[in-house]
>>> print(open('upload_39.cif').read())   # mmCIF, C-alpha atoms
data_run
loop_
_atom_site.group_PDB
_atom_site.id
_atom_site.type_symbol
_atom_site.label_atom_id
_atom_site.label_comp_id
_atom_site.auth_asym_id
_atom_site.auth_seq_id
_atom_site.Cartn_x
_atom_site.Cartn_y
_atom_site.Cartn_z
ATOM 1 C CA MET S 18 28.138 -12.634 -4.396
ATOM 2 C CA LEU S 19 29.056 -9.033 -5.106
ATOM 3 C CA PRO S 20 32.686 -8.097 -4.382
ATOM 4 C CA PRO S 21 32.854 -6.227 -1.068
ATOM 5 C CA VAL S 22 34.242 -2.877 -0.116
ATOM 6 C CA ILE S 23 37.369 -3.792 1.886
ATOM 7 C CA VAL S 24 39.024 -1.588 4.502
ATOM 8 C CA GLY S 25 42.338 -2.179 6.233
ATOM 9 C CA VAL S 26 42.194 -1.648 9.991
ATOM 10 C CA ASP S 27 45.005 -1.611 12.554
ATOM 11 C CA GLY S 28 43.433 0.059 15.588
ATOM 12 C CA SER S 29 44.708 3.545 14.739
ATOM 13 C CA ALA S 30 42.483 6.619 14.626
ATOM 14 C CA GLU S 31 42.972 6.971 10.887
ATOM 15 C CA SER S 32 41.974 3.369 10.203
ATOM 16 C CA LEU S 33 38.812 3.812 12.292
ATOM 17 C CA ALA S 34 37.908 6.902 10.246
ATOM 18 C CA ALA S 35 38.580 4.868 7.094
ATOM 19 C CA ALA S 36 36.365 2.057 8.382
ATOM 20 C CA GLU S 37 33.458 4.444 8.976
ATOM 21 C CA TRP S 38 33.896 6.011 5.536
ATOM 22 C CA ALA S 39 34.086 2.545 3.948
ATOM 23 C CA ALA S 40 30.869 1.516 5.706
ATOM 24 C CA ARG S 41 29.022 4.530 4.313
ATOM 25 C CA GLU S 42 30.463 3.842 0.868
ATOM 26 C CA ALA S 43 29.408 0.186 1.038
ATOM 27 C CA VAL S 44 25.831 1.308 1.726
ATOM 28 C CA ARG S 45 25.983 3.777 -1.172
ATOM 29 C CA ARG S 46 27.236 1.008 -3.474
ATOM 30 C CA ASP S 47 24.888 -1.633 -2.021
ATOM 31 C CA ARG S 48 27.892 -3.825 -1.244
ATOM 32 C CA PRO S 49 28.973 -5.793 1.827
ATOM 33 C CA LEU S 50 31.852 -4.445 3.908
ATOM 34 C CA ARG S 51 34.868 -6.503 4.951
ATOM 35 C CA LEU S 52 37.330 -5.409 7.616
ATOM 36 C CA VAL S 53 40.829 -6.754 7.030
ATOM 37 C CA HIS S 54 43.753 -6.788 9.427
ATOM 38 C CA ALA S 55 47.222 -7.871 8.297
ATOM 39 C CA TRP S 56 48.445 -9.135 11.634
ATOM 40 C CA ASN S 57 52.064 -8.225 11.144
ATOM 41 C CA TRP S 58 51.059 -4.744 9.917
ATOM 42 C CA HIS S 59 53.992 -3.306 11.887
ATOM 43 C CA PRO S 60 56.263 -6.335 12.343
ATOM 44 C CA ARG S 61 58.684 -5.604 15.159
ATOM 45 C CA GLN S 62 58.798 -8.979 16.860
ATOM 46 C CA GLY S 63 60.790 -12.015 15.947
ATOM 47 C CA ALA S 64 59.352 -15.187 14.576
ATOM 48 C CA GLY S 65 57.773 -17.714 16.895
ATOM 49 C CA GLU S 66 54.507 -18.687 18.480
ATOM 50 C CA PRO S 67 54.470 -16.062 21.292
ATOM 51 C CA ALA S 68 54.779 -13.228 18.777
ATOM 52 C CA THR S 69 52.113 -14.798 16.581
ATOM 53 C CA ALA S 70 49.713 -15.134 19.491
ATOM 54 C CA ALA S 71 50.259 -11.516 20.524
ATOM 55 C CA GLN S 72 49.717 -10.263 17.007
ATOM 56 C CA ARG S 73 46.542 -12.283 16.626
ATOM 57 C CA PHE S 74 45.211 -10.871 19.890
ATOM 58 C CA LEU S 75 45.936 -7.296 18.735
ATOM 59 C CA ALA S 76 44.336 -8.058 15.376
ATOM 60 C CA ARG S 77 41.138 -9.300 17.007
ATOM 61 C CA ARG S 78 41.026 -6.259 19.271
ATOM 62 C CA ALA S 79 41.487 -3.877 16.319
ATOM 63 C CA LEU S 80 38.778 -5.639 14.332
ATOM 64 C CA ARG S 81 36.363 -5.659 17.271
ATOM 65 C CA GLN S 82 36.944 -1.952 17.889
ATOM 66 C CA ALA S 83 36.204 -1.129 14.249
ATOM 67 C CA GLU S 84 33.142 -3.406 14.221
ATOM 68 C CA ASP S 85 31.696 -1.781 17.335
ATOM 69 C CA ARG S 86 32.192 1.690 15.871
ATOM 70 C CA ILE S 87 30.565 0.753 12.569
ATOM 71 C CA ARG S 88 27.609 -0.927 14.280
ATOM 72 C CA ARG S 89 26.944 2.340 16.111
ATOM 73 C CA THR S 90 27.379 4.701 13.156
ATOM 74 C CA CYS S 91 26.251 2.603 10.183
ATOM 75 C CA PRO S 92 24.063 -0.245 11.490
ATOM 76 C CA GLY S 93 22.589 -1.109 8.098
ATOM 77 C CA VAL S 94 25.802 -2.338 6.489
ATOM 78 C CA LYS S 95 26.432 -6.054 5.965
ATOM 79 C CA LEU S 96 29.723 -6.667 7.759
ATOM 80 C CA ASP S 97 32.358 -9.365 8.165
ATOM 81 C CA ASP S 98 36.072 -9.436 8.940
ATOM 82 C CA GLU S 99 39.246 -11.294 8.101
ATOM 83 C CA GLN S 100 42.756 -11.679 9.480
ATOM 84 C CA ILE S 101 45.518 -12.076 6.907
ATOM 85 C CA GLU S 102 49.009 -13.292 7.698
ATOM 86 C CA GLY S 103 51.940 -11.735 5.875
ATOM 87 C CA PRO S 104 53.580 -8.414 5.027
ATOM 88 C CA ALA S 105 50.956 -5.699 5.139
ATOM 89 C CA THR S 106 51.390 -4.362 1.604
ATOM 90 C CA THR S 107 51.265 -7.836 0.067
ATOM 91 C CA ALA S 108 48.295 -8.864 2.196
ATOM 92 C CA LEU S 109 46.289 -5.766 1.323
ATOM 93 C CA LEU S 110 47.072 -6.103 -2.374
ATOM 94 C CA GLN S 111 45.795 -9.673 -2.273
ATOM 95 C CA ALA S 112 42.654 -8.488 -0.496
ATOM 96 C CA ALA S 113 42.200 -5.728 -3.080
ATOM 97 C CA ASP S 114 42.093 -8.312 -5.869
ATOM 98 C CA ARG S 115 38.821 -9.569 -4.352
ATOM 99 C CA ALA S 116 37.385 -6.121 -3.673
ATOM 100 C CA ASP S 117 35.101 -3.670 -5.402
ATOM 101 C CA LEU S 118 37.067 -0.924 -3.630
ATOM 102 C CA LEU S 119 39.906 -0.825 -1.071
ATOM 103 C CA VAL S 120 39.913 1.855 1.653
ATOM 104 C CA LEU S 121 42.928 2.764 3.802
ATOM 105 C CA GLY S 122 43.554 5.343 6.502
ATOM 106 C CA SER S 123 46.146 8.123 6.322
ATOM 107 C CA ARG S 124 47.747 9.889 9.256
ATOM 108 C CA GLY S 125 46.607 13.496 9.679
ATOM 109 C CA LEU S 126 49.177 16.255 10.124
ATOM 110 C CA SER S 127 48.058 18.701 12.780
ATOM 111 C CA GLY S 128 48.245 22.253 11.492
ATOM 112 C CA PHE S 129 48.581 21.250 7.851
ATOM 113 C CA SER S 130 45.983 20.857 5.115
ATOM 114 C CA GLY S 131 47.227 17.469 3.968
ATOM 115 C CA PHE S 132 48.125 14.131 5.448
ATOM 116 C CA LEU S 133 51.173 11.968 5.796
ATOM 117 C CA VAL S 134 50.849 8.635 4.042
ATOM 118 C CA GLY S 135 52.744 5.666 5.419
ATOM 119 C CA SER S 136 54.827 3.255 3.377
ATOM 120 C CA VAL S 137 52.084 0.602 3.440
ATOM 121 C CA ALA S 138 49.446 2.892 1.921
ATOM 122 C CA LEU S 139 51.869 4.235 -0.677
ATOM 123 C CA GLY S 140 52.955 0.728 -1.613
ATOM 124 C CA VAL S 141 49.364 -0.396 -2.053
ATOM 125 C CA VAL S 142 48.357 2.671 -4.081
ATOM 126 C CA ALA S 143 51.351 2.236 -6.390
ATOM 127 C CA ARG S 144 50.571 -1.422 -7.146
ATOM 128 C CA ALA S 145 46.844 -2.008 -6.758
ATOM 129 C CA THR S 146 44.742 -2.900 -9.782
ATOM 130 C CA THR S 147 41.603 -1.949 -7.825
ATOM 131 C CA PRO S 148 40.641 1.644 -6.939
ATOM 132 C CA VAL S 149 42.037 2.690 -3.549
ATOM 133 C CA VAL S 150 40.562 5.439 -1.372
ATOM 134 C CA LEU S 151 42.720 7.130 1.274
ATOM 135 C CA VAL S 152 40.883 8.665 4.236
ATOM 136 C CA ARG S 153 42.505 11.040 6.699
ATOM 137 C CA GLU S 154 42.226 10.882 10.450
ATOM 138 C CA GLY S 155 39.288 12.892 11.763
ATOM 139 C CA GLU S 156 37.070 12.405 8.698
ATOM 140 C CA GLU S 157 33.419 12.554 9.801
ATOM 141 C CA ALA S 158 30.175 11.760 8.007
ATOM 142 C CA SER S 159 29.237 15.446 8.117
ATOM 143 C CA ASP S 160 32.422 16.359 6.226
ATOM 144 C CA GLU S 161 30.885 14.851 3.099
ATOM 145 C CA HIS S 162 27.845 17.118 3.331
ATOM 146 C CA LEU S 163 27.168 20.802 2.893
ATOM 147 C CA SER S 164 26.772 22.812 6.076
ATOM 148 C CA ALA S 165 23.305 23.464 7.473
ATOM 149 C CA ASP S 166 21.704 26.872 6.985
ATOM 150 C CA ASP S 167 23.150 28.063 10.287
ATOM 151 C CA GLY S 168 26.652 26.929 9.275
ATOM 152 C CA SER S 169 26.727 23.903 11.558
ATOM 153 C CA PRO S 170 27.868 20.430 10.395
ATOM 154 C CA SER S 171 25.075 18.226 9.107
ATOM 155 C CA THR S 172 24.473 14.795 7.612
ATOM 156 C CA HIS S 173 21.015 15.755 6.323
ATOM 157 C CA THR S 174 22.091 18.271 3.682
ATOM 158 C CA GLY S 175 23.269 17.511 0.161
ATOM 159 C CA TYR S 176 26.700 16.115 -0.592
ATOM 160 C CA ARG S 177 29.639 18.323 -1.411
ATOM 161 C CA ASP S 178 31.092 18.104 -4.920
ATOM 162 C CA VAL S 179 32.945 15.084 -6.205
ATOM 163 C CA VAL S 180 36.026 16.510 -7.954
ATOM 164 C CA LEU S 181 37.662 14.744 -10.892
ATOM 165 C CA GLY S 182 41.144 15.702 -11.998
ATOM 166 C CA ILE S 183 41.403 14.906 -15.696
ATOM 167 C CA ASP S 184 44.332 14.886 -18.095
ATOM 168 C CA LEU S 185 42.909 15.806 -21.492
ATOM 169 C CA GLY S 186 46.023 14.433 -23.119
ATOM 170 C CA ASP S 187 45.017 11.012 -21.826
ATOM 171 C CA PRO S 188 41.361 10.977 -20.656
ATOM 172 C CA CYS S 189 40.811 7.484 -19.232
ATOM 173 C CA ASP S 190 37.386 5.877 -19.213
ATOM 174 C CA GLU S 191 38.008 3.974 -15.943
ATOM 175 C CA VAL S 192 38.761 7.166 -14.034
ATOM 176 C CA ILE S 193 35.903 9.172 -15.559
ATOM 177 C CA GLU S 194 33.387 6.375 -14.947
ATOM 178 C CA PHE S 195 34.474 6.021 -11.308
ATOM 179 C CA ALA S 196 33.903 9.740 -10.753
ATOM 180 C CA PHE S 197 30.485 9.754 -12.426
ATOM 181 C CA GLU S 198 29.408 6.711 -10.411
ATOM 182 C CA ALA S 199 30.587 8.338 -7.179
ATOM 183 C CA ALA S 200 28.643 11.514 -7.966
ATOM 184 C CA ARG S 201 25.536 9.557 -8.974
ATOM 185 C CA ALA S 202 25.583 7.484 -5.774
ATOM 186 C CA ARG S 203 25.755 10.656 -3.692
ATOM 187 C CA GLY S 204 23.408 12.819 -5.733
ATOM 188 C CA ALA S 205 26.345 15.232 -5.848
ATOM 189 C CA ARG S 206 27.618 17.600 -8.491
ATOM 190 C CA LEU S 207 30.664 16.389 -10.394
ATOM 191 C CA HIS S 208 33.293 19.094 -10.816
ATOM 192 C CA VAL S 209 35.740 18.150 -13.568
ATOM 193 C CA VAL S 210 39.031 20.034 -13.526
ATOM 194 C CA HIS S 211 41.821 20.259 -16.102
ATOM 195 C CA ALA S 212 44.995 22.293 -15.695
ATOM 196 C CA TRP S 213 46.774 23.557 -18.792
ATOM 197 C CA HIS S 214 49.970 25.428 -19.495
ATOM 198 C CA THR S 215 51.454 27.155 -22.513
ATOM 199 C CA LEU S 216 53.552 24.754 -24.539
ATOM 200 C CA SER S 217 56.805 25.631 -26.220
ATOM 201 C CA PRO S 218 56.541 25.796 -30.027
ATOM 202 C CA LEU S 219 59.249 23.110 -30.114
ATOM 203 C CA VAL S 220 56.871 20.498 -28.681
ATOM 204 C CA LEU S 221 53.744 21.431 -30.597
ATOM 205 C CA GLY S 222 52.288 19.348 -33.368
ATOM 206 C CA PRO S 223 49.972 20.358 -36.207
ATOM 207 C CA GLY S 224 46.647 21.580 -34.843
ATOM 208 C CA ASP S 225 47.788 21.702 -31.230
ATOM 209 C CA ILE S 226 45.826 24.002 -28.942
ATOM 210 C CA GLY S 227 49.037 25.773 -27.981
ATOM 211 C CA LEU S 228 49.188 27.345 -31.447
ATOM 212 C CA VAL S 229 46.347 29.750 -30.677
ATOM 213 C CA ASN S 230 46.795 32.986 -28.762
ATOM 214 C CA GLY S 231 47.057 32.784 -24.982
ATOM 215 C CA PRO S 232 43.611 34.231 -24.138
ATOM 216 C CA GLU S 233 41.979 31.779 -26.536
ATOM 217 C CA GLN S 234 43.673 28.665 -25.196
ATOM 218 C CA ALA S 235 41.377 28.350 -22.169
ATOM 219 C CA ASP S 236 38.318 28.388 -24.456
ATOM 220 C CA GLU S 237 39.922 25.748 -26.677
ATOM 221 C CA TRP S 238 40.670 23.496 -23.691
ATOM 222 C CA LEU S 239 37.165 23.990 -22.329
ATOM 223 C CA GLY S 240 35.701 22.995 -25.682
ATOM 224 C CA PHE S 241 37.891 19.892 -25.695
ATOM 225 C CA LEU S 242 36.797 19.002 -22.147
ATOM 226 C CA THR S 243 33.136 19.448 -23.069
ATOM 227 C CA ALA S 244 33.590 17.135 -26.044
ATOM 228 C CA VAL S 245 35.295 14.455 -23.920
ATOM 229 C CA LEU S 246 32.467 14.536 -21.364
ATOM 230 C CA ARG S 247 29.559 14.688 -23.817
ATOM 231 C CA GLY S 248 29.040 10.922 -23.966
ATOM 232 C CA TRP S 249 29.334 10.617 -20.182
ATOM 233 C CA ARG S 250 26.730 13.328 -19.653
ATOM 234 C CA ASP S 251 24.381 11.324 -21.889
ATOM 235 C CA LYS S 252 25.095 8.139 -19.915
ATOM 236 C CA TYR S 253 24.558 9.891 -16.557
ATOM 237 C CA PRO S 254 21.849 12.494 -17.239
ATOM 238 C CA GLU S 255 21.030 12.717 -13.524
ATOM 239 C CA VAL S 256 24.542 13.960 -12.641
ATOM 240 C CA GLU S 257 25.082 17.717 -12.701
ATOM 241 C CA VAL S 258 28.512 18.475 -14.181
ATOM 242 C CA ALA S 259 30.651 21.573 -13.784
ATOM 243 C CA GLU S 260 33.700 21.994 -16.000
ATOM 244 C CA THR S 261 36.775 24.054 -15.169
ATOM 245 C CA VAL S 262 39.999 24.592 -17.094
ATOM 246 C CA THR S 263 42.704 26.576 -15.337
ATOM 247 C CA LYS S 264 46.152 27.661 -16.412
ATOM 248 C CA GLY S 265 48.756 26.460 -13.940
ATOM 249 C CA ARG S 266 50.541 23.451 -12.486
ATOM 250 C CA ALA S 267 48.182 20.507 -12.301
ATOM 251 C CA GLN S 268 49.260 19.680 -8.746
ATOM 252 C CA SER S 269 48.407 23.135 -7.406
ATOM 253 C CA VAL S 270 45.204 23.496 -9.415
ATOM 254 C CA LEU S 271 43.870 20.159 -8.199
ATOM 255 C CA VAL S 272 44.673 20.759 -4.539
ATOM 256 C CA ARG S 273 42.792 24.081 -4.661
ATOM 257 C CA ALA S 274 39.839 22.582 -6.531
ATOM 258 C CA ALA S 275 39.453 19.791 -3.966
ATOM 259 C CA THR S 276 39.075 22.207 -1.044
ATOM 260 C CA GLY S 277 35.633 21.607 0.408
ATOM 261 C CA ALA S 278 34.936 18.523 -1.755
ATOM 262 C CA SER S 279 33.466 15.250 -0.515
ATOM 263 C CA LEU S 280 35.820 13.178 -2.680
ATOM 264 C CA LEU S 281 38.683 13.744 -5.109
ATOM 265 C CA VAL S 282 39.202 11.259 -7.948
ATOM 266 C CA VAL S 283 42.539 10.952 -9.734
ATOM 267 C CA GLY S 284 44.044 8.350 -12.021
ATOM 268 C CA ARG S 285 47.216 6.283 -11.848
ATOM 269 C CA ARG S 286 48.669 4.674 -14.934
ATOM 270 C CA MET S 287 49.668 1.056 -14.415
ATOM 271 C CA THR S 288 53.083 0.332 -15.858
ATOM 272 C CA SER S 289 55.518 -2.525 -16.269
ATOM 273 C CA ARG S 290 58.591 -0.294 -16.325
ATOM 274 C CA PRO S 291 61.806 -1.797 -14.935
ATOM 275 C CA THR S 292 61.770 0.878 -12.222
ATOM 276 C CA GLY S 293 58.600 -0.689 -10.838
ATOM 277 C CA PRO S 294 55.162 0.699 -9.967
ATOM 278 C CA ARG S 295 54.935 4.338 -9.035
ATOM 279 C CA THR S 296 52.468 7.174 -8.629
ATOM 280 C CA GLY S 297 52.791 10.269 -10.789
ATOM 281 C CA PRO S 298 53.423 13.783 -9.465
ATOM 282 C CA VAL S 299 49.773 14.868 -9.636
ATOM 283 C CA THR S 300 48.567 11.817 -7.725
ATOM 284 C CA GLN S 301 51.403 12.269 -5.215
ATOM 285 C CA ALA S 302 50.360 15.864 -4.618
ATOM 286 C CA ALA S 303 46.733 14.845 -4.158
ATOM 287 C CA ILE S 304 47.646 12.093 -1.696
ATOM 288 C CA HIS S 305 49.815 14.344 0.439
ATOM 289 C CA HIS S 306 48.027 17.703 0.325
ATOM 290 C CA VAL S 307 44.287 17.190 -0.151
ATOM 291 C CA GLY S 308 42.164 17.054 2.993
ATOM 292 C CA CYS S 309 39.141 15.138 1.686
ATOM 293 C CA PRO S 310 39.194 11.413 0.845
ATOM 294 C CA VAL S 311 41.195 10.709 -2.304
ATOM 295 C CA ALA S 312 40.292 7.921 -4.739
ATOM 296 C CA VAL S 313 43.191 6.693 -6.864
ATOM 297 C CA VAL S 314 41.889 4.756 -9.870
ATOM 298 C CA PRO S 315 44.385 2.585 -11.795
ATOM 299 C CA HIS S 316 44.148 2.437 -15.569
ATOM 300 C CA GLU S 317 46.084 1.047 -18.531
#
>>> encode(input="upload_39.cif", output="structure tokens")
Amino acid sequence: MLPPVIVGVDGSAESLAAAEWAAREAVRRDRPLRLVHAWNWHPRQGAGEPATAAQRFLARRALRQAEDRIRRTCPGVKLDDEQIEGPATTALLQAADRADLLVLGSRGLSGFSGFLVGSVALGVVARATTPVVLVREGEEASDEHLSADDGSPSTHTGYRDVVLGIDLGDPCDEVIEFAFEAARARGARLHVVHAWHTLSPLVLGPGDIGLVNGPEQADEWLGFLTAVLRGWRDKYPEVEVAETVTKGRAQSVLVRAATGASLLVVGRRMTSRPTGPRTGPVTQAAIHHVGCPVAVVPHE
């Protein structure tokens, strides 16, 4: 059986938005969908049978609410659910090991362009070996699509761009492939973005791009990006690709590029450092400040 798309639900508005997004993604991937509730998601009660019974009741209610919503909005998806006992981060990481993709909700910040991510979502993103997508509260199916001719929201128009943030110093196949697959499944354009900055002569090596004059560096980086993507274009000839290199801080460049996108894809390097798993500054910025769903793809 194909690994499912798994979504964590807890009854909150953001988890319901994540469940709907996950259902649409499961259909796009031709995968089953599994709703998972870690029934001590917010453990505030002491141990004992009464607390366990209450938590199980709330878990069933949260799962039923998500199921009902998905049946109305995405009736074609193959759906099941599961309750998992244990700390939420640990439970979701265990679920992710059996998943094709893990989807989690993120709390929207009214009046801001980003979202606040709770400790559970951050802990899962920092440790998961499976791609994790974070979906903000209020995400609708029409947000993935271009507006209709009259400017109104629509689910019958084409998909908005999938944006890939790429580090040309370390272009990772897992991240690039995820982005191309996402664009192919949507029939969307893939917009690949790299941010560059002028390096100090002290850190340059022989042949480094930073040795050329400032106005020529962008052309050099663009040529490098084109070369990196050449094989992927051949593998995915049906995917339209746009390439952008911009001078500036990667965090700022990526947040701007993702405005109006259907999905942003970024990478996270898995590490065994003594300090433990972590997300880098670019991924952190994307998680906290990008309004569209954000896919964080782990890689070696």
>>> closest_residue(input="upload_39.cif", among="S:Ala138, S:Ala212, S:Ala79, S:Ala34", to="S:Val262", atoms="all atoms listed in the file")
S:Ala212
>>> residues_around(input="upload_39.cif", residues="S:Arg144", least_positions_apart="6", cutoff="12 Å", atoms="all atoms listed in the file", output="PyMOL selection string")
chain S and resi 106-107+109-111+113-114+137-138+285-289+293-296+313-316
>>> residues_near_point(input="upload_39.cif", point="(30.4, 13.4, 9.0)", cutoff="12 Å", atoms="all atoms listed in the file", output="list in words")
Ala34, Ala35, Glu37, Trp38, Arg41, Thr90, Cys91, Gly155, Glu156, Glu157, Ala158, Ser159, Asp160, Glu161, His162, Leu163, Ser164, Ser169, Pro170, Ser171, Thr172, His173, Thr174, Tyr176, Arg177, Ser279 and Cys309 of chain S
>>> closest_residue(input="upload_39.cif", among="S:Gly25, S:Gly93, S:Gly297, S:Gly284", to="S:Asp184", atoms="only C-alpha atoms")
S:Gly284
>>> atom_distance(input="upload_39.cif", atom1="atom CA of S:Glu84", atom2="atom CA of S:Ile101")
16.8 Å
>>> atom_distance(input="upload_39.cif", atom1="atom CA of S:Pro298", atom2="atom CA of S:Val282")
14.5 Å
>>> closest_residue(input="upload_39.cif", among="S:Ala40, S:Leu52, S:Ala105, S:Ala235", to="S:Arg81", atoms="only C-alpha atoms")
S:Leu52
>>> atom_distance(input="upload_39.cif", atom1="atom CA of S:Val149", atom2="atom CA of S:Ala267")
20.8 Å
>>> resolve_selection(input="upload_39.cif", expression="the PyMOL selection byres ((chain S and resi 72-76) around 8)", output="list in words")
Asp27, His54, Ala55, Trp56, Asn57, Ala68, Thr69, Ala70, Ala71, Arg77, Arg78, Ala79, Leu80 and Gln100 of chain S
>>> closest_residue(input="upload_39.cif", among="S:Ala312, S:Ala302, S:Val180, S:Ile193", to="S:Ala275", atoms="all atoms listed in the file")
S:Val180
>>> closest_residue(input="upload_39.cif", among="S:Gly204, S:Gly168, S:Arg153, S:Glu237", to="S:Leu185", atoms="all atoms listed in the file")
S:Glu237
>>> closest_residue(input="upload_39.cif", among="S:Leu50, S:Val209, S:Val44, S:Leu121", to="S:Ser29", atoms="all atoms listed in the file")
S:Leu121
>>> axis_aligned_box(input="upload_39.cif", around="stretch 195-211 of chain S", padding_each_side="5 Å", output="lines of an AutoDock Vina configuration file")
center_x = 32.6
center_y = 13.1
center_z = -9.9
size_x = 28.4
size_y = 24.2
size_z = 22.4
>>> build_atoms(input="upload_39.cif", residues="stretch 305-312 of chain S", atoms="all heavy atoms", output="PDB file, keeping the file's coordinate frame")
ATOM      1  N   HIS S 305      49.141  13.707  -0.684  1.00  0.00           N
ATOM      2  CA  HIS S 305      49.815  14.344   0.439  1.00  0.00           C
ATOM      3  C   HIS S 305      49.187  15.666   0.874  1.00  0.00           C
ATOM      4  O   HIS S 305      49.399  16.089   2.012  1.00  0.00           O
ATOM      5  CB  HIS S 305      51.287  14.578   0.101  1.00  0.00           C
ATOM      6  CG  HIS S 305      52.104  13.321   0.119  1.00  0.00           C
ATOM      7  ND1 HIS S 305      52.501  12.710   1.278  1.00  0.00           N
ATOM      8  CD2 HIS S 305      52.574  12.551  -0.894  1.00  0.00           C
ATOM      9  CE1 HIS S 305      53.198  11.623   0.988  1.00  0.00           C
ATOM     10  NE2 HIS S 305      53.253  11.505  -0.312  1.00  0.00           N
ATOM     11  N   HIS S 306      48.431  16.335   0.008  1.00  0.00           N
ATOM     12  CA  HIS S 306      48.027  17.703   0.325  1.00  0.00           C
ATOM     13  C   HIS S 306      46.528  17.965   0.286  1.00  0.00           C
ATOM     14  O   HIS S 306      46.108  19.078   0.605  1.00  0.00           O
ATOM     15  CB  HIS S 306      48.730  18.681  -0.623  1.00  0.00           C
ATOM     16  CG  HIS S 306      50.220  18.653  -0.507  1.00  0.00           C
ATOM     17  ND1 HIS S 306      50.885  19.088   0.615  1.00  0.00           N
ATOM     18  CD2 HIS S 306      51.169  18.204  -1.368  1.00  0.00           C
ATOM     19  CE1 HIS S 306      52.192  18.930   0.442  1.00  0.00           C
ATOM     20  NE2 HIS S 306      52.379  18.399  -0.750  1.00  0.00           N
ATOM     21  N   VAL S 307      45.729  16.994  -0.087  1.00  0.00           N
ATOM     22  CA  VAL S 307      44.287  17.190  -0.151  1.00  0.00           C
ATOM     23  C   VAL S 307      43.660  16.658   1.143  1.00  0.00           C
ATOM     24  O   VAL S 307      43.989  15.559   1.595  1.00  0.00           O
ATOM     25  CB  VAL S 307      43.681  16.488  -1.385  1.00  0.00           C
ATOM     26  CG1 VAL S 307      42.166  16.474  -1.322  1.00  0.00           C
ATOM     27  CG2 VAL S 307      44.153  17.194  -2.657  1.00  0.00           C
ATOM     28  N   GLY S 308      42.749  17.422   1.714  1.00  0.00           N
ATOM     29  CA  GLY S 308      42.164  17.054   2.993  1.00  0.00           C
ATOM     30  C   GLY S 308      41.010  16.076   2.909  1.00  0.00           C
ATOM     31  O   GLY S 308      40.776  15.332   3.858  1.00  0.00           O
ATOM     32  N   CYS S 309      40.272  16.055   1.804  1.00  0.00           N
ATOM     33  CA  CYS S 309      39.141  15.138   1.686  1.00  0.00           C
ATOM     34  C   CYS S 309      39.639  13.749   1.262  1.00  0.00           C
ATOM     35  O   CYS S 309      40.788  13.593   0.854  1.00  0.00           O
ATOM     36  CB  CYS S 309      38.127  15.675   0.667  1.00  0.00           C
ATOM     37  SG  CYS S 309      38.701  15.641  -1.048  1.00  0.00           S
ATOM     38  N   PRO S 310      38.791  12.722   1.346  1.00  0.00           N
ATOM     39  CA  PRO S 310      39.194  11.413   0.845  1.00  0.00           C
ATOM     40  C   PRO S 310      39.611  11.489  -0.628  1.00  0.00           C
ATOM     41  O   PRO S 310      39.036  12.229  -1.421  1.00  0.00           O
ATOM     42  CB  PRO S 310      37.923  10.567   1.024  1.00  0.00           C
ATOM     43  CG  PRO S 310      37.214  11.205   2.176  1.00  0.00           C
ATOM     44  CD  PRO S 310      37.467  12.677   2.018  1.00  0.00           C
ATOM     45  N   VAL S 311      40.646  10.711  -0.959  1.00  0.00           N
ATOM     46  CA  VAL S 311      41.195  10.709  -2.304  1.00  0.00           C
ATOM     47  C   VAL S 311      41.074   9.309  -2.891  1.00  0.00           C
ATOM     48  O   VAL S 311      41.583   8.341  -2.318  1.00  0.00           O
ATOM     49  CB  VAL S 311      42.675  11.135  -2.309  1.00  0.00           C
ATOM     50  CG1 VAL S 311      43.264  11.069  -3.725  1.00  0.00           C
ATOM     51  CG2 VAL S 311      42.834  12.543  -1.739  1.00  0.00           C
ATOM     52  N   ALA S 312      40.407   9.192  -4.031  1.00  0.00           N
ATOM     53  CA  ALA S 312      40.292   7.921  -4.739  1.00  0.00           C
ATOM     54  C   ALA S 312      41.328   7.895  -5.862  1.00  0.00           C
ATOM     55  O   ALA S 312      41.345   8.782  -6.713  1.00  0.00           O
ATOM     56  CB  ALA S 312      38.891   7.758  -5.321  1.00  0.00           C
TER      57      ALA S 312
END
